[in-house]
Amino acid sequence: MEARFTSRTPERSSSHLVLIPSYNPGPKVFATVRDALDQWIPVWVVIDGSTDQTTQGLLAMAAAEPGLKVFVLPENRGKGAAVLFGLREAQASGFTHVLTMDSDGQHPAERIRAFMQASMALPDAMVLGVPLFDASAPSLRVQGRQISNWWANLETLWTGIHDSLYGFRVYPIEPLIAVMSRQAWMRRFDFDVEAVVRLCWRGVPPVNLPAPVRYFRPEEGGVSHFKYGRDNILLTWMHFRLFWGFVVRLPLLLLRRR
């Protein structure tokens with residue numbers, strides 16, 4: 001009994017926090033936050049203009065849980081914008097790294113400690129999740145990310161990005177804020193891919209760790225905001241921009257490879 005209690009005691013940190021952007025996630029968000037708190041403290045949630053009644057429940061959780069902090073943005077700005085808000089607040093509070101995870105229950109809270117420990121061992125790196133898919137994964141999503149991964153690796157000269165889209169990852173705060181502050185993109189669904197590519201350009205090395213992912217059906221409480229047409233157009237435009245950025249940086253990237 002005592003060992004089981006110890007295994008559930010969350011690890012506390014003054015440098016690394018869990019950051020969860022949240023937009024209309026449905027009731028899965030409450031289990032997501034609770035599971036994260038079981039592993040790590042602090043956990044911060046940035047509510048990105050949600051209208052599904054989860055805001056009140058999350059604020060109530062924060063009032064009862066000292067390890068949880070909730071920020072409420074007045075309108076939906078996109079995942080990247082919510083993450084950037086959280087990054088700036090975290091930096092102002094003295095934190096150096098954030099682990100981002102989705103609010104809909106797809107990401108594995110039980111892997112938080114391993115990812116944070118890898119980040120603490122290599123603080124200059126970004127720790128990227130490599131998704132382990134099960135039968136719940138939509139085949140179109142799995143196939144589509146292979147295309148994005150190929151482009152991301154080309155744009156970084158195969159620096160070692162094993163997956164460009166999986167949002168379960170640890171970022172060093174300072175370089176990511178610097179990258180995002182220099183341009184107006186990376187504010188919506190394009191955030192995850194563009195973050196790793198631009199951080200690689202900046203010299204932040206990737207560390208890749210496996211992490212399972214679960215896609216919940218609607219009858220299981222699953223909520224997806226991914227739109228195949230809209231978001232694939234956004235990704236195509238993003239890779240067009242990144243490719244030309246890659247061309248400009250190619251001499252420097254080649255010099256680094258020597």
# chains A, B, ... in the order shown; residues from 1 in each chain; ligands from 1

$ residues_around --residues "Asn208 of chain A" --least-positions-apart "5" --cutoff "7 Å" --atoms "only C-alpha atoms" --output "PDB file with all heavy atoms, in the first residue's frame"
ATOM      1  N   VAL A 127      12.230  17.764 -26.203  1.00  0.00           N
ATOM      2  CA  VAL A 127      11.930  16.336 -26.094  1.00  0.00           C
ATOM      3  C   VAL A 127      10.614  16.090 -26.827  1.00  0.00           C
ATOM      4  O   VAL A 127       9.553  16.584 -26.418  1.00  0.00           O
ATOM      5  CB  VAL A 127      11.819  15.893 -24.630  1.00  0.00           C
ATOM      6  CG1 VAL A 127      11.574  14.391 -24.546  1.00  0.00           C
ATOM      7  CG2 VAL A 127      13.084  16.278 -23.858  1.00  0.00           C
ATOM      8  N   LEU A 128      10.685  15.347 -27.929  1.00  0.00           N
ATOM      9  CA  LEU A 128       9.541  15.158 -28.815  1.00  0.00           C
ATOM     10  C   LEU A 128       8.933  13.770 -28.648  1.00  0.00           C
ATOM     11  O   LEU A 128       9.654  12.769 -28.642  1.00  0.00           O
ATOM     12  CB  LEU A 128       9.969  15.334 -30.279  1.00  0.00           C
ATOM     13  CG  LEU A 128      10.721  16.624 -30.619  1.00  0.00           C
ATOM     14  CD1 LEU A 128      11.043  16.652 -32.105  1.00  0.00           C
ATOM     15  CD2 LEU A 128       9.907  17.845 -30.216  1.00  0.00           C
ATOM     16  N   GLY A 129       7.620  13.734 -28.539  1.00  0.00           N
ATOM     17  CA  GLY A 129       6.939  12.462 -28.485  1.00  0.00           C
ATOM     18  C   GLY A 129       6.859  11.806 -29.859  1.00  0.00           C
ATOM     19  O   GLY A 129       6.620  12.473 -30.864  1.00  0.00           O
ATOM     20  N   VAL A 130       7.088  10.517 -29.885  1.00  0.00           N
ATOM     21  CA  VAL A 130       6.923   9.726 -31.103  1.00  0.00           C
ATOM     22  C   VAL A 130       5.691   8.852 -30.883  1.00  0.00           C
ATOM     23  O   VAL A 130       5.708   7.953 -30.038  1.00  0.00           O
ATOM     24  CB  VAL A 130       8.151   8.846 -31.391  1.00  0.00           C
ATOM     25  CG1 VAL A 130       7.955   8.057 -32.677  1.00  0.00           C
ATOM     26  CG2 VAL A 130       9.410   9.704 -31.461  1.00  0.00           C
ATOM     27  N   HIS A 162      11.523  12.767 -35.428  1.00  0.00           N
ATOM     28  CA  HIS A 162      10.849  11.508 -35.734  1.00  0.00           C
ATOM     29  C   HIS A 162       9.355  11.696 -35.968  1.00  0.00           C
ATOM     30  O   HIS A 162       8.732  10.906 -36.673  1.00  0.00           O
ATOM     31  CB  HIS A 162      11.082  10.495 -34.616  1.00  0.00           C
ATOM     32  CG  HIS A 162      12.499  10.030 -34.535  1.00  0.00           C
ATOM     33  ND1 HIS A 162      12.910   9.002 -33.702  1.00  0.00           N
ATOM     34  CD2 HIS A 162      13.616  10.444 -35.186  1.00  0.00           C
ATOM     35  CE1 HIS A 162      14.203   8.817 -33.847  1.00  0.00           C
ATOM     36  NE2 HIS A 162      14.660   9.680 -34.733  1.00  0.00           N
TER      37      HIS A 162
END

$ select_by_dssp --residues "segment 32-129 of chain A" --states "strand (DSSP E or B)" --output "ChimeraX atom specification"
/A:40-41,43-48,68-73,97-100,126-129

$ write_last_selection --atoms "N, CA, C and O atoms" --output "PDB file, in the first residue's frame"
ATOM      1  N   TRP A  40       2.592  15.254 -11.927  1.00  0.00           N
ATOM      2  CA  TRP A  40       3.467  16.431 -11.914  1.00  0.00           C
ATOM      3  C   TRP A  40       2.761  17.643 -11.327  1.00  0.00           C
ATOM      4  O   TRP A  40       1.553  17.827 -11.515  1.00  0.00           O
ATOM      5  N   ILE A  41       3.519  18.490 -10.670  1.00  0.00           N
ATOM      6  CA  ILE A  41       3.058  19.790 -10.191  1.00  0.00           C
ATOM      7  C   ILE A  41       4.183  20.793 -10.451  1.00  0.00           C
ATOM      8  O   ILE A  41       5.339  20.514 -10.116  1.00  0.00           O
ATOM      9  N   VAL A  43       0.657  22.147 -12.857  1.00  0.00           N
ATOM     10  CA  VAL A  43      -0.052  21.990 -14.126  1.00  0.00           C
ATOM     11  C   VAL A  43      -0.796  23.299 -14.391  1.00  0.00           C
ATOM     12  O   VAL A  43      -1.511  23.793 -13.516  1.00  0.00           O
ATOM     13  N   TRP A  44      -0.608  23.830 -15.573  1.00  0.00           N
ATOM     14  CA  TRP A  44      -1.328  25.044 -15.982  1.00  0.00           C
ATOM     15  C   TRP A  44      -2.222  24.715 -17.171  1.00  0.00           C
ATOM     16  O   TRP A  44      -1.819  23.988 -18.092  1.00  0.00           O
ATOM     17  N   VAL A  45      -3.421  25.271 -17.159  1.00  0.00           N
ATOM     18  CA  VAL A  45      -4.356  25.135 -18.273  1.00  0.00           C
ATOM     19  C   VAL A  45      -4.647  26.519 -18.826  1.00  0.00           C
ATOM     20  O   VAL A  45      -4.970  27.441 -18.058  1.00  0.00           O
ATOM     21  N   VAL A  46      -4.532  26.674 -20.143  1.00  0.00           N
ATOM     22  CA  VAL A  46      -4.914  27.924 -20.802  1.00  0.00           C
ATOM     23  C   VAL A  46      -6.186  27.640 -21.597  1.00  0.00           C
ATOM     24  O   VAL A  46      -6.164  26.908 -22.593  1.00  0.00           O
ATOM     25  N   ILE A  47      -7.291  28.183 -21.130  1.00  0.00           N
ATOM     26  CA  ILE A  47      -8.582  27.985 -21.795  1.00  0.00           C
ATOM     27  C   ILE A  47      -8.690  28.986 -22.933  1.00  0.00           C
ATOM     28  O   ILE A  47      -8.708  30.198 -22.719  1.00  0.00           O
ATOM     29  N   ASP A  48      -8.758  28.470 -24.143  1.00  0.00           N
ATOM     30  CA  ASP A  48      -8.674  29.294 -25.354  1.00  0.00           C
ATOM     31  C   ASP A  48     -10.073  29.666 -25.852  1.00  0.00           C
ATOM     32  O   ASP A  48     -10.496  29.253 -26.931  1.00  0.00           O
ATOM     33  N   LEU A  68      -2.683  23.423  -9.444  1.00  0.00           N
ATOM     34  CA  LEU A  68      -3.303  23.717 -10.741  1.00  0.00           C
ATOM     35  C   LEU A  68      -3.575  25.210 -10.866  1.00  0.00           C
ATOM     36  O   LEU A  68      -4.097  25.840  -9.938  1.00  0.00           O
ATOM     37  N   LYS A  69      -3.233  25.757 -12.018  1.00  0.00           N
ATOM     38  CA  LYS A  69      -3.516  27.157 -12.320  1.00  0.00           C
ATOM     39  C   LYS A  69      -4.229  27.228 -13.662  1.00  0.00           C
ATOM     40  O   LYS A  69      -3.811  26.557 -14.626  1.00  0.00           O
ATOM     41  N   VAL A  70      -5.288  28.001 -13.738  1.00  0.00           N
ATOM     42  CA  VAL A  70      -6.096  28.089 -14.952  1.00  0.00           C
ATOM     43  C   VAL A  70      -6.152  29.539 -15.424  1.00  0.00           C
ATOM     44  O   VAL A  70      -6.451  30.450 -14.641  1.00  0.00           O
ATOM     45  N   PHE A  71      -5.860  29.740 -16.698  1.00  0.00           N
ATOM     46  CA  PHE A  71      -5.978  31.052 -17.342  1.00  0.00           C
ATOM     47  C   PHE A  71      -7.123  30.976 -18.347  1.00  0.00           C
ATOM     48  O   PHE A  71      -7.264  29.975 -19.052  1.00  0.00           O
ATOM     49  N   VAL A  72      -7.902  32.046 -18.440  1.00  0.00           N
ATOM     50  CA  VAL A  72      -9.045  32.063 -19.355  1.00  0.00           C
ATOM     51  C   VAL A  72      -8.854  33.189 -20.356  1.00  0.00           C
ATOM     52  O   VAL A  72      -8.834  34.374 -19.986  1.00  0.00           O
ATOM     53  N   LEU A  73      -8.686  32.818 -21.638  1.00  0.00           N
ATOM     54  CA  LEU A  73      -8.621  33.811 -22.703  1.00  0.00           C
ATOM     55  C   LEU A  73     -10.039  34.130 -23.172  1.00  0.00           C
ATOM     56  O   LEU A  73     -10.876  33.232 -23.291  1.00  0.00           O
ATOM     57  N   HIS A  97      11.051  25.498 -18.753  1.00  0.00           N
ATOM     58  CA  HIS A  97      10.583  24.498 -19.706  1.00  0.00           C
ATOM     59  C   HIS A  97       9.095  24.212 -19.477  1.00  0.00           C
ATOM     60  O   HIS A  97       8.615  24.291 -18.336  1.00  0.00           O
ATOM     61  N   VAL A  98       8.409  23.858 -20.569  1.00  0.00           N
ATOM     62  CA  VAL A  98       7.024  23.410 -20.456  1.00  0.00           C
ATOM     63  C   VAL A  98       6.847  22.103 -21.215  1.00  0.00           C
ATOM     64  O   VAL A  98       7.452  21.901 -22.279  1.00  0.00           O
ATOM     65  N   LEU A  99       6.049  21.232 -20.657  1.00  0.00           N
ATOM     66  CA  LEU A  99       5.577  20.051 -21.384  1.00  0.00           C
ATOM     67  C   LEU A  99       4.169  20.351 -21.853  1.00  0.00           C
ATOM     68  O   LEU A  99       3.283  20.629 -21.038  1.00  0.00           O
ATOM     69  N   THR A 100       3.958  20.338 -23.156  1.00  0.00           N
ATOM     70  CA  THR A 100       2.628  20.579 -23.696  1.00  0.00           C
ATOM     71  C   THR A 100       1.915  19.249 -23.932  1.00  0.00           C
ATOM     72  O   THR A 100       2.529  18.277 -24.364  1.00  0.00           O
ATOM     73  N   MET A 126      14.857  19.878 -27.084  1.00  0.00           N
ATOM     74  CA  MET A 126      13.407  19.707 -27.009  1.00  0.00           C
ATOM     75  C   MET A 126      13.141  18.206 -27.032  1.00  0.00           C
ATOM     76  O   MET A 126      13.784  17.461 -27.782  1.00  0.00           O
ATOM     77  N   VAL A 127      12.230  17.764 -26.203  1.00  0.00           N
ATOM     78  CA  VAL A 127      11.930  16.336 -26.094  1.00  0.00           C
ATOM     79  C   VAL A 127      10.614  16.090 -26.827  1.00  0.00           C
ATOM     80  O   VAL A 127       9.553  16.584 -26.418  1.00  0.00           O
ATOM     81  N   LEU A 128      10.685  15.347 -27.929  1.00  0.00           N
ATOM     82  CA  LEU A 128       9.541  15.158 -28.815  1.00  0.00           C
ATOM     83  C   LEU A 128       8.933  13.770 -28.648  1.00  0.00           C
ATOM     84  O   LEU A 128       9.654  12.769 -28.642  1.00  0.00           O
ATOM     85  N   GLY A 129       7.620  13.734 -28.539  1.00  0.00           N
ATOM     86  CA  GLY A 129       6.939  12.462 -28.485  1.00  0.00           C
ATOM     87  C   GLY A 129       6.859  11.806 -29.859  1.00  0.00           C
ATOM     88  O   GLY A 129       6.620  12.473 -30.864  1.00  0.00           O
TER      89      GLY A 129
END

$ select_by_dssp --residues "segment 26-205 of chain A" --states "alpha helix (DSSP H)" --output "MDAnalysis selection string"
chainID A and resid 28:39 54:64 79:92 112:121 139:155 173:181 191:201

$ atom_distance --atom1 "atom CA of Ser14 of chain A" --atom2 "atom CA of Met120 of chain A"
11.7 Å

$ residues_around --residues "Phe240 of chain A" --least-positions-apart "6" --cutoff "12 Å" --atoms "only C-alpha atoms" --output "ChimeraX atom specification"
/A:148,151-152,155,194,233-234,246-247

$ residues_around --residues "segment 109-112 of chain A" --least-positions-apart "6" --cutoff "12 Å" --atoms "only C-alpha atoms" --output "PDB file with C-alpha atoms, in the first residue's frame"
ATOM      1  CA  SER A   7       4.155   5.900  -7.085  1.00  0.00           C
ATOM      2  CA  ARG A   8       1.159   8.215  -7.322  1.00  0.00           C
ATOM      3  CA  PRO A  10       3.362  13.856  -8.093  1.00  0.00           C
ATOM      4  CA  GLU A  11       6.817  15.216  -8.690  1.00  0.00           C
ATOM      5  CA  ARG A  12       7.176  18.946  -8.035  1.00  0.00           C
ATOM      6  CA  HIS A  16       9.367  22.527 -15.523  1.00  0.00           C
ATOM      7  CA  LEU A  17       5.580  22.698 -15.714  1.00  0.00           C
ATOM      8  CA  VAL A  18       2.823  20.948 -17.639  1.00  0.00           C
ATOM      9  CA  LEU A  19       0.991  23.316 -19.998  1.00  0.00           C
ATOM     10  CA  ILE A  20      -2.392  22.262 -21.396  1.00  0.00           C
ATOM     11  CA  ALA A  31      -9.624  13.395 -16.276  1.00  0.00           C
ATOM     12  CA  THR A  32      -6.741  14.750 -18.384  1.00  0.00           C
ATOM     13  CA  VAL A  33      -5.934  17.438 -15.838  1.00  0.00           C
ATOM     14  CA  ARG A  34      -6.363  15.103 -12.882  1.00  0.00           C
ATOM     15  CA  ASP A  35      -4.069  12.491 -14.479  1.00  0.00           C
ATOM     16  CA  ALA A  36      -1.447  15.176 -15.144  1.00  0.00           C
ATOM     17  CA  LEU A  37      -1.652  16.369 -11.524  1.00  0.00           C
ATOM     18  CA  ASP A  38      -1.135  12.803 -10.339  1.00  0.00           C
ATOM     19  CA  GLN A  39       2.220  12.861 -12.139  1.00  0.00           C
ATOM     20  CA  TRP A  40       3.467  16.431 -11.914  1.00  0.00           C
ATOM     21  CA  ILE A  41       3.058  19.790 -10.191  1.00  0.00           C
ATOM     22  CA  PRO A  42       2.508  22.438 -11.362  1.00  0.00           C
ATOM     23  CA  VAL A  43      -0.052  21.990 -14.126  1.00  0.00           C
ATOM     24  CA  VAL A  98       7.024  23.410 -20.456  1.00  0.00           C
ATOM     25  CA  LEU A  99       5.577  20.051 -21.384  1.00  0.00           C
ATOM     26  CA  THR A 100       2.628  20.579 -23.696  1.00  0.00           C
ATOM     27  CA  MET A 101      -0.188  18.064 -23.928  1.00  0.00           C
ATOM     28  CA  ASP A 102      -3.677  18.097 -25.414  1.00  0.00           C
ATOM     29  CA  SER A 103      -6.720  18.491 -23.203  1.00  0.00           C
ATOM     30  CA  ALA A 118      14.894  13.644 -20.242  1.00  0.00           C
ATOM     31  CA  SER A 119      14.527  17.411 -20.491  1.00  0.00           C
ATOM     32  CA  VAL A 127      11.930  16.336 -26.094  1.00  0.00           C
ATOM     33  CA  LEU A 128       9.541  15.158 -28.815  1.00  0.00           C
ATOM     34  CA  GLY A 129       6.939  12.462 -28.485  1.00  0.00           C
ATOM     35  CA  VAL A 130       6.923   9.726 -31.103  1.00  0.00           C
ATOM     36  CA  PRO A 131       3.332   8.429 -31.288  1.00  0.00           C
ATOM     37  CA  PHE A 168       3.151  15.775 -26.417  1.00  0.00           C
ATOM     38  CA  ARG A 169       6.603  17.298 -25.998  1.00  0.00           C
ATOM     39  CA  VAL A 170       8.863  19.412 -23.776  1.00  0.00           C
ATOM     40  CA  LEU A 209      10.824   9.363 -26.915  1.00  0.00           C
ATOM     41  CA  PRO A 210       7.936   6.970 -27.618  1.00  0.00           C
ATOM     42  CA  ALA A 211       4.489   7.787 -26.266  1.00  0.00           C
ATOM     43  CA  PRO A 212       1.138   6.093 -26.963  1.00  0.00           C
ATOM     44  CA  VAL A 213      -1.758   8.073 -28.395  1.00  0.00           C
ATOM     45  CA  ARG A 214      -5.443   7.247 -28.137  1.00  0.00           C
TER      46      ARG A 214
END

$ closest_atom_pairs --of "segment 72-124 of chain A" --to "segment 184-190 of chain A" --cutoff "6 Å" --atoms "only C-alpha atoms" --output "JSON lines"
{"residue": "A:Gly78", "atom": "CA", "partner": "A:Arg188", "partner_atom": "CA", "distance": 4.3}
{"residue": "A:Lys79", "atom": "CA", "partner": "A:Arg188", "partner_atom": "CA", "distance": 4.9}
{"residue": "A:Gly80", "atom": "CA", "partner": "A:Arg187", "partner_atom": "CA", "distance": 3.8}
{"residue": "A:Ala81", "atom": "CA", "partner": "A:Arg187", "partner_atom": "CA", "distance": 4.6}
